[in-house]
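Peer 1: Provided herewith is a single structure, encoded as structure tokens, for subsequent inquiry.
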Amino acid sequence: MAGEPQADCLFCKVVTGEVPATVVRETESTVAFRDINPQAPTHVLVVPRVHYPDAASLAAAEPQIAADLMVAAGEVAAQEKVDVTGFRIVFNTGAGAGQTVFHAHAHVLGGRGLNWPPG
């Protein structure tokens with residue numbers, strides 16, 4: 001069922017604590033933790049506690065939780081002190097865009113110059 005934890009989902013397991021992670025922030029609807037393969041000095045993943053395969057499906061089904069995810073991403077940027085120097089919030093949607101874990105999540109990246117276009 002949409003939104004329900006998936007037994008084979010890595011990020012669902014992080015949310016429940018079954019898989020350890022360096023959690024930096026938690027809210028009622030989100031968990032934020034450090035990426036294990038950081039692409040910038042600050043690289044934190046923000047995931048909803050509910051399971052949807054990508055940001056688009058999360059936003060369509062539960063727009064308030066999608067909004068909560070964005071608020072949490074901004075709070076992480078402030079907590080990590082990259083809010084003043086600049087940061088990027090990235091949602092990869094689909095394998096062709098680089099998504100490797102099919103649980104909606106935002107990457108909060110900062111602490112260095114971020115070129116455009118990305119990738």
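FYI, nothing fancy with the structure tokens labels: chains A, B, ... in order, residues from 1 per chain, ligands from 1 as they appear.
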Env of Phe91 (chain A): 8 Å cut, atoms = only C-alpha atoms, seq-sep filter 5 positions within chain, self excluded. Answer as a count of residues only.
Peer 2: 5
Peer 1: List as a short mmCIF file (atom, residue, chain, number, x, y, z; two decimals) with N, CA and C atoms, in the first residue's frame the protein and nucleic acid residues near Glu28 (chain A), meaning an atom at most 10 Å away when only C-alpha atoms are counted, but skip any in the same chain fewer than 2 places from it.
Peer 2:
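Now in around12.cif:
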```cif
data_model
loop_
_atom_site.label_atom_id
_atom_site.label_comp_id
_atom_site.auth_asym_id
_atom_site.auth_seq_id
_atom_site.Cartn_x
_atom_site.Cartn_y
_atom_site.Cartn_z
N GLU A 26 15.42 15.23 13.13
CA GLU A 26 14.18 14.45 12.98
C GLU A 26 12.99 15.34 13.25
N THR A 30 9.74 13.57 9.03
CA THR A 30 10.98 13.40 8.26
C THR A 30 12.14 12.95 9.14
N VAL A 31 13.15 12.39 8.48
CA VAL A 31 14.43 12.06 9.12
C VAL A 31 15.53 12.56 8.17
N PRO A 48 11.11 11.34 3.90
CA PRO A 48 9.86 11.27 4.64
C PRO A 48 9.78 9.94 5.39
N ARG A 49 9.05 9.93 6.48
CA ARG A 49 8.87 8.68 7.23
C ARG A 49 7.95 7.72 6.47
N ILE A 65 3.25 16.41 3.41
CA ILE A 65 4.52 15.78 3.78
C ILE A 65 5.63 16.22 2.82
N ASP A 68 6.62 19.44 4.16
CA ASP A 68 7.43 19.21 5.37
C ASP A 68 8.86 18.85 5.01
#
```
Peer 1: Tell me, as a list in words, which residues lie within 6 Å of Gly3 (chain A), counting only C-alpha atoms; anything in the same chain fewer than 5 positions away does not count.
Peer 2: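 Listing them by chain and then by number gives Val50, His51 and Tyr52 of chain A.
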Peer 1: Could you pull out the residues in region 5-55 of chain A that DSSP calls strand (DSSP E) from the backbone, as a list in words?
Peer 2: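 The strand (DSSP E) subset of region 5-55 of chain A is Val23, Val24, Arg25, Glu26, Thr30, Val31, Ala32, Phe33, Arg34, Thr42, His43, Val44, Leu45, Val46, Val47 and Pro48 of chain A.
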Peer 1: Would you write out those residues with N, CA, C and O atoms, as an mmCIF file, in the first residue's frame?
Peer 2:
```
data_model
loop_
_atom_site.group_PDB
_atom_site.id
_atom_site.type_symbol
_atom_site.label_atom_id
_atom_site.label_comp_id
_atom_site.auth_asym_id
_atom_site.auth_seq_id
_atom_site.Cartn_x
_atom_site.Cartn_y
_atom_site.Cartn_z
ATOM 1 N N VAL A 23 22.099 10.426 12.030
ATOM 2 C CA VAL A 23 20.916 11.290 11.967
ATOM 3 C C VAL A 23 21.282 12.666 12.509
ATOM 4 O O VAL A 23 21.878 12.782 13.581
ATOM 5 N N VAL A 24 20.932 13.703 11.740
ATOM 6 C CA VAL A 24 21.235 15.074 12.157
ATOM 7 C C VAL A 24 19.985 15.862 12.540
ATOM 8 O O VAL A 24 20.082 16.899 13.187
ATOM 9 N N ARG A 25 18.811 15.374 12.145
ATOM 10 C CA ARG A 25 17.565 16.081 12.461
ATOM 11 C C ARG A 25 16.400 15.127 12.249
ATOM 12 O O ARG A 25 16.401 14.343 11.310
ATOM 13 N N GLU A 26 15.415 15.229 13.126
ATOM 14 C CA GLU A 26 14.181 14.448 12.977
ATOM 15 C C GLU A 26 12.990 15.342 13.254
ATOM 16 O O GLU A 26 13.052 16.208 14.120
ATOM 17 N N THR A 30 9.739 13.573 9.027
ATOM 18 C CA THR A 30 10.981 13.404 8.260
ATOM 19 C C THR A 30 12.140 12.954 9.144
ATOM 20 O O THR A 30 12.124 13.139 10.358
ATOM 21 N N VAL A 31 13.150 12.395 8.477
ATOM 22 C CA VAL A 31 14.431 12.056 9.115
ATOM 23 C C VAL A 31 15.525 12.556 8.172
ATOM 24 O O VAL A 31 15.457 12.339 6.962
ATOM 25 N N ALA A 32 16.531 13.219 8.746
ATOM 26 C CA ALA A 32 17.662 13.715 7.957
ATOM 27 C C ALA A 32 18.933 13.059 8.479
ATOM 28 O O ALA A 32 19.163 13.000 9.692
ATOM 29 N N PHE A 33 19.754 12.573 7.549
ATOM 30 C CA PHE A 33 20.986 11.879 7.931
ATOM 31 C C PHE A 33 22.073 12.126 6.897
ATOM 32 O O PHE A 33 21.787 12.435 5.736
ATOM 33 N N ARG A 34 23.312 11.973 7.320
ATOM 34 C CA ARG A 34 24.454 12.219 6.432
ATOM 35 C C ARG A 34 24.546 11.140 5.350
ATOM 36 O O ARG A 34 24.360 9.959 5.634
ATOM 37 N N THR A 42 28.970 19.404 2.915
ATOM 38 C CA THR A 42 27.669 19.136 3.538
ATOM 39 C C THR A 42 26.852 18.346 2.538
ATOM 40 O O THR A 42 26.609 18.816 1.422
ATOM 41 N N HIS A 43 26.473 17.139 2.908
ATOM 42 C CA HIS A 43 25.606 16.306 2.056
ATOM 43 C C HIS A 43 24.724 15.492 2.993
ATOM 44 O O HIS A 43 25.164 14.494 3.570
ATOM 45 N N VAL A 44 23.508 15.970 3.153
ATOM 46 C CA VAL A 44 22.543 15.349 4.051
ATOM 47 C C VAL A 44 21.329 14.927 3.235
ATOM 48 O O VAL A 44 20.867 15.675 2.364
ATOM 49 N N LEU A 45 20.825 13.736 3.512
ATOM 50 C CA LEU A 45 19.592 13.258 2.884
ATOM 51 C C LEU A 45 18.443 13.517 3.828
ATOM 52 O O LEU A 45 18.544 13.269 5.036
ATOM 53 N N VAL A 46 17.339 14.011 3.290
ATOM 54 C CA VAL A 46 16.123 14.230 4.067
ATOM 55 C C VAL A 46 15.052 13.344 3.453
ATOM 56 O O VAL A 46 14.754 13.452 2.257
ATOM 57 N N VAL A 47 14.510 12.432 4.262
ATOM 58 C CA VAL A 47 13.531 11.466 3.763
ATOM 59 C C VAL A 47 12.238 11.585 4.558
ATOM 60 O O VAL A 47 12.266 11.879 5.751
ATOM 61 N N PRO A 48 11.106 11.335 3.896
ATOM 62 C CA PRO A 48 9.855 11.273 4.644
ATOM 63 C C PRO A 48 9.777 9.943 5.388
ATOM 64 O O PRO A 48 10.357 8.945 4.954
#
```
Peer 1: Can you work out the spacing between CA of Phe11 (chain A) and CA of Asn115 (chain A) in Å, to one decimal?
Peer 2: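 For CA of Phe11 (chain A) relative to CA of Asn115 (chain A), the distance reads 27.9 Å.
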Peer 1: Excluding Phe87 (chain A) and its own-chain neighbours fewer than 3 positions away, which residues fall within 10 Å of it when counting only C-alpha atoms? Please give them as number ranges by chain.
Peer 2: A: 42-43, 74, 77-78, 81-84, 90, 108-114
Peer 1: Can you write just those residues out, C-alpha atoms, as a compact mmCIF listing (two decimals), in the first residue's frame?
Peer 2:
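So the final result, stored in selection20.txt, reads:
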```txt
# COMPACT_ATOMS: atom_id res chain seq x y z
CA THR A 42 27.67 19.14 3.54
CA HIS A 43 25.61 16.31 2.06
CA GLY A 74 15.91 24.31 4.81
CA ALA A 77 20.86 23.86 5.71
CA ALA A 78 20.61 26.37 8.56
CA LYS A 81 25.49 26.63 8.42
CA VAL A 82 25.30 26.56 4.63
CA ASP A 83 22.15 28.68 4.47
CA VAL A 84 24.13 31.92 4.20
CA VAL A 90 18.23 18.04 -5.24
CA VAL A 108 20.97 18.99 0.81
CA LEU A 109 24.36 19.96 -0.61
CA GLY A 110 26.63 22.84 0.36
CA GLY A 111 29.96 23.92 1.69
CA ARG A 112 31.62 24.36 -1.71
CA GLY A 113 30.88 25.98 -5.02
CA LEU A 114 28.17 24.12 -6.91
```
Peer 1: At what distance in Å, to one decimal, does CA of Trp116 (chain A) lie from CA of Val101 (chain A)?
Peer 2: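 Taking CA of Val101 (chain A) and CA of Trp116 (chain A), their separation equals 24.1 Å.
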Peer 1: With distances taken over only C-alpha atoms, which residue among A:Pro63, A:Arg88, A:Thr93, A:Leu58 lies nearest Glu4 (chain A)?
Peer 2: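 Among the listed residues, A:Leu58 lies closest to Glu4 (chain A).
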